[in-house]
$ cat run-v7.cif   # mmCIF, C-alpha atoms; chains and numbers go by the auth columns
data_target
loop_
_atom_site.group_PDB
_atom_site.id
_atom_site.type_symbol
_atom_site.label_atom_id
_atom_site.label_comp_id
_atom_site.label_asym_id
_atom_site.label_seq_id
_atom_site.Cartn_x
_atom_site.Cartn_y
_atom_site.Cartn_z
_atom_site.B_iso_or_equiv
_atom_site.auth_seq_id
_atom_site.auth_asym_id
ATOM 1 C CA MET A 1 8.580 21.652 -14.023 0.00 1 A
ATOM 2 C CA ASP A 2 10.120 19.492 -16.741 0.00 2 A
ATOM 3 C CA TYR A 3 7.505 20.785 -19.180 0.00 3 A
ATOM 4 C CA CYS A 4 8.418 24.382 -18.318 0.00 4 A
ATOM 5 C CA ARG A 5 12.127 23.714 -18.795 0.00 5 A
ATOM 6 C CA SER A 6 11.713 21.992 -22.127 0.00 6 A
ATOM 7 C CA HIS A 7 9.433 24.796 -23.403 0.00 7 A
ATOM 8 C CA GLN A 8 11.542 27.571 -21.872 0.00 8 A
ATOM 9 C CA ILE A 9 8.749 28.911 -19.684 0.00 9 A
ATOM 10 C CA ILE A 10 10.557 31.082 -17.181 0.00 10 A
ATOM 11 C CA SER A 11 8.060 33.706 -15.999 0.00 11 A
ATOM 12 C CA ALA A 12 5.931 33.138 -12.909 0.00 12 A
ATOM 13 C CA GLY A 13 2.736 34.072 -14.757 0.00 13 A
ATOM 14 C CA ASP A 14 3.363 31.544 -17.517 0.00 14 A
ATOM 15 C CA PHE A 15 4.310 28.916 -14.956 0.00 15 A
ATOM 16 C CA LYS A 16 1.033 29.521 -13.103 0.00 16 A
ATOM 17 C CA ALA A 17 -0.965 29.212 -16.340 0.00 17 A
ATOM 18 C CA VAL A 18 0.763 25.930 -17.222 0.00 18 A
ATOM 19 C CA ALA A 19 0.206 24.582 -13.697 0.00 19 A
ATOM 20 C CA GLU A 20 -3.509 25.418 -13.841 0.00 20 A
ATOM 21 C CA LYS A 21 -3.885 23.809 -17.273 0.00 21 A
ATOM 22 C CA LEU A 22 -2.103 20.634 -16.160 0.00 22 A
ATOM 23 C CA LYS A 23 -4.234 20.478 -13.020 0.00 23 A
ATOM 24 C CA GLN A 24 -7.378 20.545 -15.163 0.00 24 A
ATOM 25 C CA GLN A 25 -6.067 17.654 -17.247 0.00 25 A
ATOM 26 C CA GLU A 26 -5.374 15.368 -14.270 0.00 26 A
ATOM 27 C CA PRO A 27 -7.924 12.581 -13.917 0.00 27 A
ATOM 28 C CA VAL A 28 -9.936 12.688 -10.719 0.00 28 A
ATOM 29 C CA LEU A 29 -9.061 9.599 -8.734 0.00 29 A
ATOM 30 C CA GLY A 30 -11.390 7.925 -6.289 0.00 30 A
ATOM 31 C CA GLU A 31 -10.480 7.077 -2.757 0.00 31 A
ATOM 32 C CA ALA A 32 -7.715 4.483 -2.504 0.00 32 A
ATOM 33 C CA LYS A 33 -8.695 1.096 -1.115 0.00 33 A
ATOM 34 C CA ILE A 34 -6.119 -0.194 1.344 0.00 34 A
ATOM 35 C CA ILE A 35 -5.886 -3.946 1.842 0.00 35 A
ATOM 36 C CA SER A 36 -3.642 -5.263 4.599 0.00 36 A
ATOM 37 C CA LEU A 37 -1.639 -8.272 3.481 0.00 37 A
ATOM 38 C CA ASN A 38 0.749 -10.538 5.294 0.00 38 A
ATOM 39 C CA PRO A 39 4.204 -9.523 4.006 0.00 39 A
ATOM 40 C CA LEU A 40 5.454 -13.106 4.173 0.00 40 A
ATOM 41 C CA ASN A 41 2.895 -14.769 1.920 0.00 41 A
ATOM 42 C CA GLY A 42 0.664 -11.996 0.550 0.00 42 A
ATOM 43 C CA GLU A 43 -2.514 -13.382 2.100 0.00 43 A
ATOM 44 C CA SER A 44 -5.066 -11.457 4.094 0.00 44 A
ATOM 45 C CA TYR A 45 -4.535 -10.957 7.820 0.00 45 A
ATOM 46 C CA GLN A 46 -7.916 -12.607 8.518 0.00 46 A
ATOM 47 C CA LYS A 47 -6.207 -15.963 8.966 0.00 47 A
ATOM 48 C CA THR A 48 -4.041 -14.518 11.732 0.00 48 A
ATOM 49 C CA MET A 49 -7.131 -13.934 13.841 0.00 49 A
ATOM 50 C CA LEU A 50 -7.837 -17.679 14.060 0.00 50 A
ATOM 51 C CA ASP A 51 -7.034 -19.524 17.284 0.00 51 A
ATOM 52 C CA PRO A 52 -4.482 -22.311 16.784 0.00 52 A
ATOM 53 C CA ASP A 53 -5.295 -25.905 17.588 0.00 53 A
ATOM 54 C CA LYS A 54 -4.261 -26.953 21.061 0.00 54 A
ATOM 55 C CA SER A 55 -2.902 -30.333 22.091 0.00 55 A
ATOM 56 C CA ASP A 56 -3.042 -31.955 25.447 0.00 56 A
ATOM 57 C CA LEU A 57 0.225 -31.668 27.369 0.00 57 A
ATOM 58 C CA GLN A 58 0.248 -35.434 27.964 0.00 58 A
ATOM 59 C CA ALA A 59 0.733 -36.009 24.223 0.00 59 A
ATOM 60 C CA TYR A 60 4.051 -34.185 24.403 0.00 60 A
ATOM 61 C CA GLU A 61 5.094 -35.886 27.615 0.00 61 A
ATOM 62 C CA MET A 62 4.713 -39.280 25.907 0.00 62 A
ATOM 63 C CA LEU A 63 7.129 -38.191 23.173 0.00 63 A
ATOM 64 C CA PHE A 64 9.878 -37.470 25.668 0.00 64 A
ATOM 65 C CA LYS A 65 9.599 -40.716 27.638 0.00 65 A
#
$ encode --input "run-v7.cif" --output "C-alpha cells"
Amino acid sequence: MDYCRSHQIISAGDFKAVAEKLKQQEPVLGEAKIISLNPLNGESYQKTMLDPDKSDLQAYEMLFK
C-alpha cells in the first residue's frame, strides 16, 4: 500500500498488478520451528518434567526440635 501511495497508483487494476508482482518477489519461507522455552530463564521445558528430590520427613522434624 505504501508503494502504491508513493508511486501514485490509484486504479484497482494497477493495484492488482503491483500486488501480484510483489507476491512473486516474496521469498518462500519454510515451516516455522516452534521451541517452547521457560519464560523465566529461557531454557527448555524438558527440565520441568524431572521429578524433584524428596527428603524424609524426619529430617525436617529434627530441624524444628
$ atom_distance --input "run-v7.cif" --atom1 "CA of Phe15 (chain A)" --atom2 "CA of Met1 (chain A)"
8.5 Å
$ atom_distance --input "run-v7.cif" --atom1 "CA of Gln46 (chain A)" --atom2 "CA of Ala32 (chain A)"
20.3 Å
$ atom_distance --input "run-v7.cif" --atom1 "CA of Lys65 (chain A)" --atom2 "CA of Asp51 (chain A)"
28.9 Å
$ axis_aligned_box --input "run-v7.cif" --around "region 1-13 of chain A" --padding-each-side "3 Å" --output "JSON"
{"center_x": 7.4, "center_y": 26.8, "center_z": -18.2, "size_x": 15.4, "size_y": 20.6, "size_z": 16.5}
$ residues_around --input "run-v7.cif" --residues "Lys16 (chain A)" --least-positions-apart "6" --cutoff "12 Å" --atoms "only C-alpha atoms" --output "PyMOL selection string"
chain A and resi 1+4+9-10+22-23
